[in-house]
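A.B. asks: Pasting a structure below so you can have a look.
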Amino acid sequence: KMHQQAHLHPSCYSQLQRQPLIGMASAAGAVWRRIAGLSGAASVAAAAYGAHGFKPKQETFAQTFQNGKNLHMLHSVMICAGPLVARWPHLTGALFSAGTGVFSGSCYAAAITEEKAWGRFAPIGGGLLIAAWLSLVP
């Protein structure tokens, strides 16, 4: 017998027509959208702590915390958006995620503990973020 064609209910057509980009990148997008949501929520929590609860003894640690928070917020968006437009979505998402975690994590750790030694990991995170941005270049 010949291959039978599946018939969709008319209401399904409107659903399919509304989601062209999502349909194209849904497998990669769903994973990275969830990770970006968690990362973005964590960055807002870090911003609130930095603004209202973090009182370092040295002002330089307040700036270190701010640097980590700023890049955390920016790259939380890119964890979601980058894989949608990348040639290798999972590579791009992983690089943005790892880079954000390592860079911002080292800034947060250095600032909260007031121990500059944690800063030695920031260049690793920065390198991962540079690689993530370059993964968007066709």
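Note on naming: chains are A, B, ... as they come in the structure tokens, residues start from 1 per chain, ligands start from 1 in the order shown.
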Write down as a PyMOL selection string the residues belonging to chain A that are assigned helix (DSSP H, G or I) by DSSP computed on the backbone.
C.D. replies: chain A and resi 10-17+20-24+26-52+59-85+89-113+116-134
A.B. asks: Could you list, with a cut-off of 12 Å and counting only C-alpha atoms, the residues of region 74-95 of chain A near region 42-52 of chain A, each shown with its nearest atom pair and the distance in Å rounded to one decimal, rows sorted by chain and ascending number, as JSON lines?
C.D. replies:
```
{"residue": "A:Leu74", "atom": "CA", "partner": "A:Ser43", "partner_atom": "CA", "distance": 9.2}
{"residue": "A:His75", "atom": "CA", "partner": "A:Ser43", "partner_atom": "CA", "distance": 9.8}
{"residue": "A:Ser76", "atom": "CA", "partner": "A:Ser43", "partner_atom": "CA", "distance": 7.9}
{"residue": "A:Val77", "atom": "CA", "partner": "A:Ser43", "partner_atom": "CA", "distance": 10.6}
```
A.B. asks: Please, what distance in Å, to one decimal, runs between CA of Trp32 (chain A) and CA of Pro123 (chain A)?
C.D. replies: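 We find that CA of Trp32 (chain A) and CA of Pro123 (chain A) lie 23.6 Å from each other.
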A.B. asks: Hey, what's within 7 Å of region 95-108 of chain A if we count only C-alpha atoms and toss same-chain stuff fewer than 3 positions away? As a compact mmCIF listing (two decimals) with N, CA and C atoms, in the first residue's frame, please?
C.D. replies:
```
# COMPACT_ATOMS: atom_id res chain seq x y z
N THR A 64 34.12 44.55 40.97
CA THR A 64 34.30 43.19 40.46
C THR A 64 32.96 42.46 40.39
N PHE A 65 32.16 42.62 41.45
CA PHE A 65 30.84 42.01 41.47
C PHE A 65 29.97 42.57 40.34
N GLY A 68 30.89 41.12 36.94
CA GLY A 68 30.34 39.77 36.80
C GLY A 68 28.85 39.81 36.52
N LYS A 69 28.13 40.66 37.24
CA LYS A 69 26.68 40.77 37.06
C LYS A 69 26.32 41.30 35.68
N LEU A 71 28.02 41.15 32.78
CA LEU A 71 28.23 40.15 31.74
C LEU A 71 27.29 38.97 31.90
N HIS A 72 26.91 38.65 33.14
CA HIS A 72 25.96 37.58 33.40
C HIS A 72 24.61 37.90 32.75
N HIS A 75 24.89 37.98 28.74
CA HIS A 75 25.10 36.68 28.12
C HIS A 75 24.00 35.68 28.45
N MET A 78 22.08 35.93 25.43
CA MET A 78 22.75 35.24 24.31
C MET A 78 22.70 33.72 24.43
N ILE A 79 22.56 33.20 25.64
CA ILE A 79 22.40 31.75 25.80
C ILE A 79 21.13 31.30 25.08
N LEU A 91 26.86 23.96 20.24
CA LEU A 91 28.20 24.48 20.52
C LEU A 91 28.09 25.93 21.01
N THR A 92 27.34 26.74 20.30
CA THR A 92 27.17 28.15 20.68
C THR A 92 26.55 28.27 22.06
N ALA A 111 34.69 38.61 44.59
CA ALA A 111 34.07 39.73 45.31
C ALA A 111 33.53 39.30 46.67
N ILE A 112 32.80 38.20 46.70
CA ILE A 112 32.15 37.78 47.95
C ILE A 112 33.17 37.33 48.99
N TRP A 118 40.53 34.21 43.05
CA TRP A 118 39.44 33.68 42.22
C TRP A 118 39.43 34.34 40.84
N GLY A 119 39.98 35.51 40.72
CA GLY A 119 40.00 36.22 39.45
C GLY A 119 40.82 35.54 38.37
N PHE A 121 40.40 32.81 37.10
CA PHE A 121 39.54 32.05 36.20
C PHE A 121 38.80 32.94 35.20
N ALA A 122 38.77 34.24 35.45
CA ALA A 122 38.04 35.16 34.56
C ALA A 122 38.55 35.11 33.11
N GLY A 125 36.94 32.20 31.31
CA GLY A 125 35.56 32.50 30.96
C GLY A 125 35.47 33.50 29.83
N GLY A 126 36.33 34.51 29.86
CA GLY A 126 36.36 35.49 28.77
C GLY A 126 36.72 34.87 27.44
N LEU A 128 36.14 31.76 26.58
CA LEU A 128 34.97 30.99 26.15
C LEU A 128 33.90 31.90 25.55
N LEU A 129 33.71 33.08 26.15
CA LEU A 129 32.74 34.03 25.60
C LEU A 129 33.16 34.55 24.24
N ALA A 131 34.96 32.88 22.11
CA ALA A 131 34.71 31.76 21.20
C ALA A 131 33.22 31.64 20.89
N ALA A 132 32.37 31.90 21.87
CA ALA A 132 30.92 31.84 21.64
C ALA A 132 30.50 32.87 20.61
```
A.B. asks: Pick out the residues sitting within 10 Å of Glu114 (chain A), and hand them over as a PyMOL selection string; count only C-alpha atoms, and ignore anything fewer than 5 positions along from it in its own chain.
C.D. replies: chain A and resi 56-58+60-62+64+108-109
A.B. asks: Filtering to N, CA, C and O atoms, could you give me those residues as a compact mmCIF listing (two decimals), in the first residue's frame?
C.D. replies:
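Below is the file out-v2.txt, written as the result:
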```
# COMPACT_ATOMS: atom_id res chain seq x y z
N PRO A 56 31.10 45.02 50.53
CA PRO A 56 32.50 44.62 50.68
C PRO A 56 33.29 45.68 51.45
O PRO A 56 32.92 46.85 51.49
N LYS A 57 34.38 45.24 52.02
CA LYS A 57 35.26 46.16 52.75
C LYS A 57 36.01 47.08 51.80
O LYS A 57 36.27 48.23 52.12
N GLN A 58 36.37 46.56 50.62
CA GLN A 58 37.08 47.35 49.62
C GLN A 58 36.16 47.60 48.42
O GLN A 58 35.51 46.69 47.92
N THR A 60 36.87 48.04 45.38
CA THR A 60 37.24 47.31 44.15
C THR A 60 36.45 46.02 44.02
O THR A 60 36.15 45.59 42.90
N PHE A 61 36.08 45.40 45.15
CA PHE A 61 35.30 44.16 45.07
C PHE A 61 33.86 44.43 44.66
O PHE A 61 33.22 43.58 44.04
N ALA A 62 33.34 45.61 44.99
CA ALA A 62 32.00 45.99 44.51
C ALA A 62 32.02 46.10 42.98
O ALA A 62 31.09 45.65 42.30
N THR A 64 34.12 44.55 40.97
CA THR A 64 34.30 43.19 40.46
C THR A 64 32.96 42.46 40.39
O THR A 64 32.64 41.80 39.40
N TYR A 108 32.07 36.78 40.98
CA TYR A 108 31.26 36.68 42.20
C TYR A 108 32.09 36.09 43.34
O TYR A 108 32.05 36.59 44.47
N ALA A 109 32.83 35.03 43.06
CA ALA A 109 33.63 34.38 44.10
C ALA A 109 34.70 35.33 44.64
O ALA A 109 34.91 35.42 45.86
```
A.B. asks: Can you work out the spacing between CA of Ile35 (chain A) and CA of Glu115 (chain A) in Å, to one decimal?
C.D. replies: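 Computed distance, CA of Ile35 (chain A) to CA of Glu115 (chain A), equals 28.6 Å.
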A.B. asks: Would you mind reading off the distance between CA of Ala28 (chain A) and CA of Val137 (chain A), one decimal, in Å?
C.D. replies: 18.0 Å
